[in-house]
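**Student:** Before I ask anything, let me first share the structure, which is written out below as structure tokens.
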Amino acid sequence: MKIGIILYPTYGGSGVVATELGVALASRGHEVHFFSSSRPFRLPQFQPNIYFHEVPAVHYALFEHTPYTLTLSTTLYEAIQHYGIELIHSHYAIPHATAAYLAQQMNNGRPPIITTLHGTDITLVGSHPAYAPVVRFTLDQSNRVTAVSQFLAEETCKRINFRGKIDVVPNFIDTEYYKRSTCHISKQTFAPNGEPLILHISNFRPVKRIQDIVNAFIKVRREKPCRLLLAGDGPERSAAEQTARAAGVMNDVVFLGNQPVIVDLLSLADVYFVPSETESFCLSALEAMSCEVPVVATRVGGIPEVVTDGECGFLTNVGDTDDMAARILHLIEHPKTAREMGQAGRLRAIEHFKMETIVARYELLYQEAIAESTPCQQRMREIPSMSSRSKIT
Ligand code: GMT
């Protein structure tokens with residue numbers, strides 16, 4: 001198939017999932033066209049079957065904001081015409097699904113569109129009154145809609161009153177790549193005295209509750225020497241630095257900035273910590289589980305569909321930094337339990353979220369959407385007549 005994938009290029013789960021899906025599809029022989037405002041950070045430079053189309057930002061003095069939706073529609077439309085793209089897979093509804101719809105209308109209603117909802121495109125942004133009607137309309141126009149968790153599928157119906165069908169296709173993980181390995185970095189780099197390492201990776205937006213990470217760490221640190229590794233960057237970083245400094249634990253907190261390759265960090269970690277306000281899925285928790293790291297996370301959104309409480313780690317209430325600290329402390333004081341929970345996490349990743357299985361589900365959805373949207377006459381032309389079929393002997 002010739003597949004167009006629209007995605008955000010920046011650090012964030014939806015862009016990572018879309019990139020890894022496209023790369024997997026390309027290695028299965030499909031022709032994959034990525035559409036984004038800049039090259040997605042995890043997209044390999046050279047790989048057969050992969051094309052990258054940069055969506056231009058065209059500024060004009062009259063515009064307060066650059067109309068990205070329109071330049072994306074034109075970029076899609078031209079690629080559909082030039083390469084014969086058979087299906088568009090839009091990751092994140094706003095404005096990607098809307099731009100895909102425009103391009104489809106410009107091209108006489110083809111190709112079909114699959115929209116994958118990732119979370120904040122419904123829970124934080126999409127349900128805002130300024131967006132909800134257009135998001136609902138665009139989902140109605142998509143040939144198929146998928147959500148990365150059951151939680152998100154239900155929220156979509158509740159929050160924007162969407163009445164159509166939503167297929168739940170969870171995010172996936174390449175368990176062969178994401179596995180605990182002998183790491184290129186020595187643990188001593190971060191833990192000179194062999195201290196346990198607590199790791200968090202995100203884009204440091206308010207929804208990630210970075211202050212809770214630092215506050216829980218301060219409580220754990222009072223009981224036991226340990227170190228906190230924070231990978232990523234974003235608006236909440238400097239407040240977190242101030243809190244750590246004021247509490248006198250800054251020497252035990254390492255801000256690593258954005259890290260394109262995280263498997264090494266995960267291979268060093270003793271606990272993965274994610275106290276988010278909401279998460280439709282939490283891809284980083286799945287990455288940790290695949291690397292046998294026990295997870296301490298909040299019991300919100302789609303997280304319980306990923307992390308089984310008491311089996312792959314512990315779930316706590318949002319903001320309950322006492323409980324979070326107690327759970328982390330328990331794991332670092334009981335390495336055998338931590339190891340067993342880590343192994344249970346990897347098994348769960350393999351059984352429920354393996355890349356090959358989920359990519360095959362998307363392939364099937366694509367085939368169905370293409371078949372359903374192919375006009376009857378054309379489909380009949382594609383089915384050879386009885387006389388031209390080879391005889392069954
Ligand atoms: O919240 C982020 O880190 C980014 C955001 C995105 O759209 O890139 O993540 C959302 O999509 C991810 C991939 O499906 C999910 O794993 C995250 O849980 C989800 N974030 C939220 O729901 C807050």
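Ordering of the structure tokens sets the chain letters (A, B, ...); residue numbers start at 1 within each chain; ligands are numbered from 1 in the order shown.
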Could you make a table, as a tab-separated table, of the residues of stretch 126-187 of chain A that have an atom within 10 Å of an atom of stretch 251-267 of chain A, each with its nearest atom pair and distance in Å to one decimal, counting only C-alpha atoms, in chain and number order?
**Tutor:**
residue	atom	partner	partner_atom	distance
A:Tyr177	CA	A:Val263	CA	7.9
A:Tyr178	CA	A:Val263	CA	6.1
A:Lys179	CA	A:Val263	CA	7.4
A:Arg180	CA	A:Ser267	CA	4.8
A:Ser181	CA	A:Ser267	CA	6.0
A:Thr182	CA	A:Ser267	CA	7.4
A:Cys183	CA	A:Asp264	CA	5.3
A:His184	CA	A:Asp264	CA	6.6
A:Ile185	CA	A:Asp264	CA	7.0
A:Ser186	CA	A:Asp264	CA	9.6
A:Lys187	CA	A:Leu265	CA	9.2
**Student:** Could you please extract the residues within 8 Å of ligand 1, counting only C-alpha atoms and all ligand atoms, and hand them back as number ranges by chain?
**Tutor:** A: 8, 11-17, 92, 117-121, 123-124, 148, 171, 202-203, 205, 207-208, 276-284, 301-303
**Student:** List the neighbours of A:Val32 out to 8 Å using only C-alpha atoms; skip same-chain residues closer than 4 positions along the sequence, and give me the result as a PyMOL selection string.
**Tutor:** chain A and resi 2-5+22-23+25-26+49-51
**Student:** Can you list every residue in stretch 234-346 of chain A that DSSP puts in helix (DSSP H, G or I), as a ChimeraX atom specification?
**Tutor:** /A:237-246,250-252,263-268,283-290,303-306,321-333,335-346
**Student:** Neighbours of A:Asn107 within 10 Å (only C-alpha atoms; same-chain residues fewer than 4 positions away dropped), as a ChimeraX atom specification?
**Tutor:** /A:77-78,80-81,101-103,111
**Student:** Can those selected residues be exported to a file as a short mmCIF file (atom, residue, chain, number, x, y, z; two decimals), in the first residue's frame so that it contains N, CA, C and O atoms?
**Tutor:**
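Once written, part00.cif looks like this:
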data_model
loop_
_atom_site.label_atom_id
_atom_site.label_comp_id
_atom_site.auth_asym_id
_atom_site.auth_seq_id
_atom_site.Cartn_x
_atom_site.Cartn_y
_atom_site.Cartn_z
N TYR A 77 -2.44 17.02 -0.82
CA TYR A 77 -3.12 16.93 -2.11
C TYR A 77 -2.11 16.67 -3.24
O TYR A 77 -2.30 15.80 -4.08
N GLU A 78 -1.00 17.41 -3.21
CA GLU A 78 0.00 17.24 -4.26
C GLU A 78 0.63 15.86 -4.21
O GLU A 78 0.87 15.23 -5.24
N ILE A 80 -0.79 13.15 -3.02
CA ILE A 80 -1.82 12.17 -3.45
C ILE A 80 -1.80 12.08 -4.97
O ILE A 80 -1.80 11.00 -5.56
N GLN A 81 -1.74 13.26 -5.61
CA GLN A 81 -1.75 13.30 -7.07
C GLN A 81 -0.47 12.70 -7.66
O GLN A 81 -0.51 11.94 -8.62
N TYR A 101 -9.02 15.84 5.58
CA TYR A 101 -10.36 15.92 5.00
C TYR A 101 -10.38 16.92 3.84
O TYR A 101 -10.93 16.66 2.76
N LEU A 102 -9.73 18.07 4.03
CA LEU A 102 -9.67 19.07 2.96
C LEU A 102 -8.99 18.51 1.71
O LEU A 102 -9.48 18.66 0.60
N ALA A 103 -7.85 17.83 1.94
CA ALA A 103 -7.11 17.27 0.79
C ALA A 103 -7.96 16.22 0.08
O ALA A 103 -7.99 16.15 -1.15
N PRO A 111 -8.00 9.87 -1.07
CA PRO A 111 -8.13 8.51 -0.55
C PRO A 111 -8.86 8.50 0.80
O PRO A 111 -9.15 9.56 1.36
#
**Student:** Tell me, as a ChimeraX atom specification, which residues lie within 8 Å of stretch 307-310 of chain A, counting only C-alpha atoms; anything in the same chain fewer than 6 positions away does not count.
**Tutor:** /A:285-286,295,341,345
**Student:** When you count only C-alpha atoms, which of these residues is closest to A:Arg110: A:Ile85, A:Met250, A:Ile198, A:Leu7?
**Tutor:**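 Among A:Ile85, A:Met250, A:Ile198, A:Leu7, it is A:Ile85 that comes nearest to A:Arg110.
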**Student:** Looking at only C-alpha atoms, which of A:Tyr68, A:Phe314, A:Tyr362, A:Phe46 is the one that sits closest to A:Val145?
**Tutor:** A:Tyr362
**Student:** In Å, rounded to a single decimal, give me how far atom CA of A:Ala216 is from atom CA of A:Ala326.
**Tutor:**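 So the answer is 8.7 Å.
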**Student:** Quote the spacing between atom CA of A:Ala349 and atom CA of A:Tyr272 in Å to one decimal place.
**Tutor:**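 Calculated distance between atom CA of A:Ala349 and atom CA of A:Tyr272 is 15.0 Å.
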**Student:** So, counting only C-alpha atoms, which residue among A:Leu268, A:Val55, A:Ile94, A:Val168 is closest to A:Thr189?
**Tutor:** A:Leu268
**Student:** Distance atom CA of A:Met355-atom CA of A:Thr298, one decimal place?
**Tutor:**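 Interatomic distance here is 24.8 Å.
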**Student:** Find the spatial neighbours of stretch 242-245 of chain A, counting only C-alpha atoms, within a cut-off of 10 Å - ignore same-chain residues fewer than 3 positions away - and output them as a PyMOL selection string.
**Tutor:** chain A and resi 211+214-215+217-218+237-239+248-253
**Student:** So that I can see what lies close to A:Leu347, please list as a list in words the residues with an atom at most 10 Å from it, counting only C-alpha atoms and leaving out residues fewer than 2 positions away in the same chain.
**Tutor:**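 Final neighbour list, sorted by chain and number: Thr175, Met289, Ser290, Glu292, Cys312, Met341, Gly342, Gln343, Ala344, Gly345, Ala349, Ile350, Glu351, His352 and Phe353 of chain A.
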**Student:** For A:Tyr131, which residue out of A:Arg339, A:Arg144, A:Arg39, A:Arg159 is the nearest one, using only C-alpha atoms?
**Tutor:**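 Among the listed residues, the smallest separation from A:Tyr131 belongs to A:Arg159.
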**Student:** Between A:Glu195, A:Glu305, A:Glu287, A:Glu236, which residue has the minimum interatomic distance to A:Glu333, considering only C-alpha atoms?
**Tutor:** A:Glu195
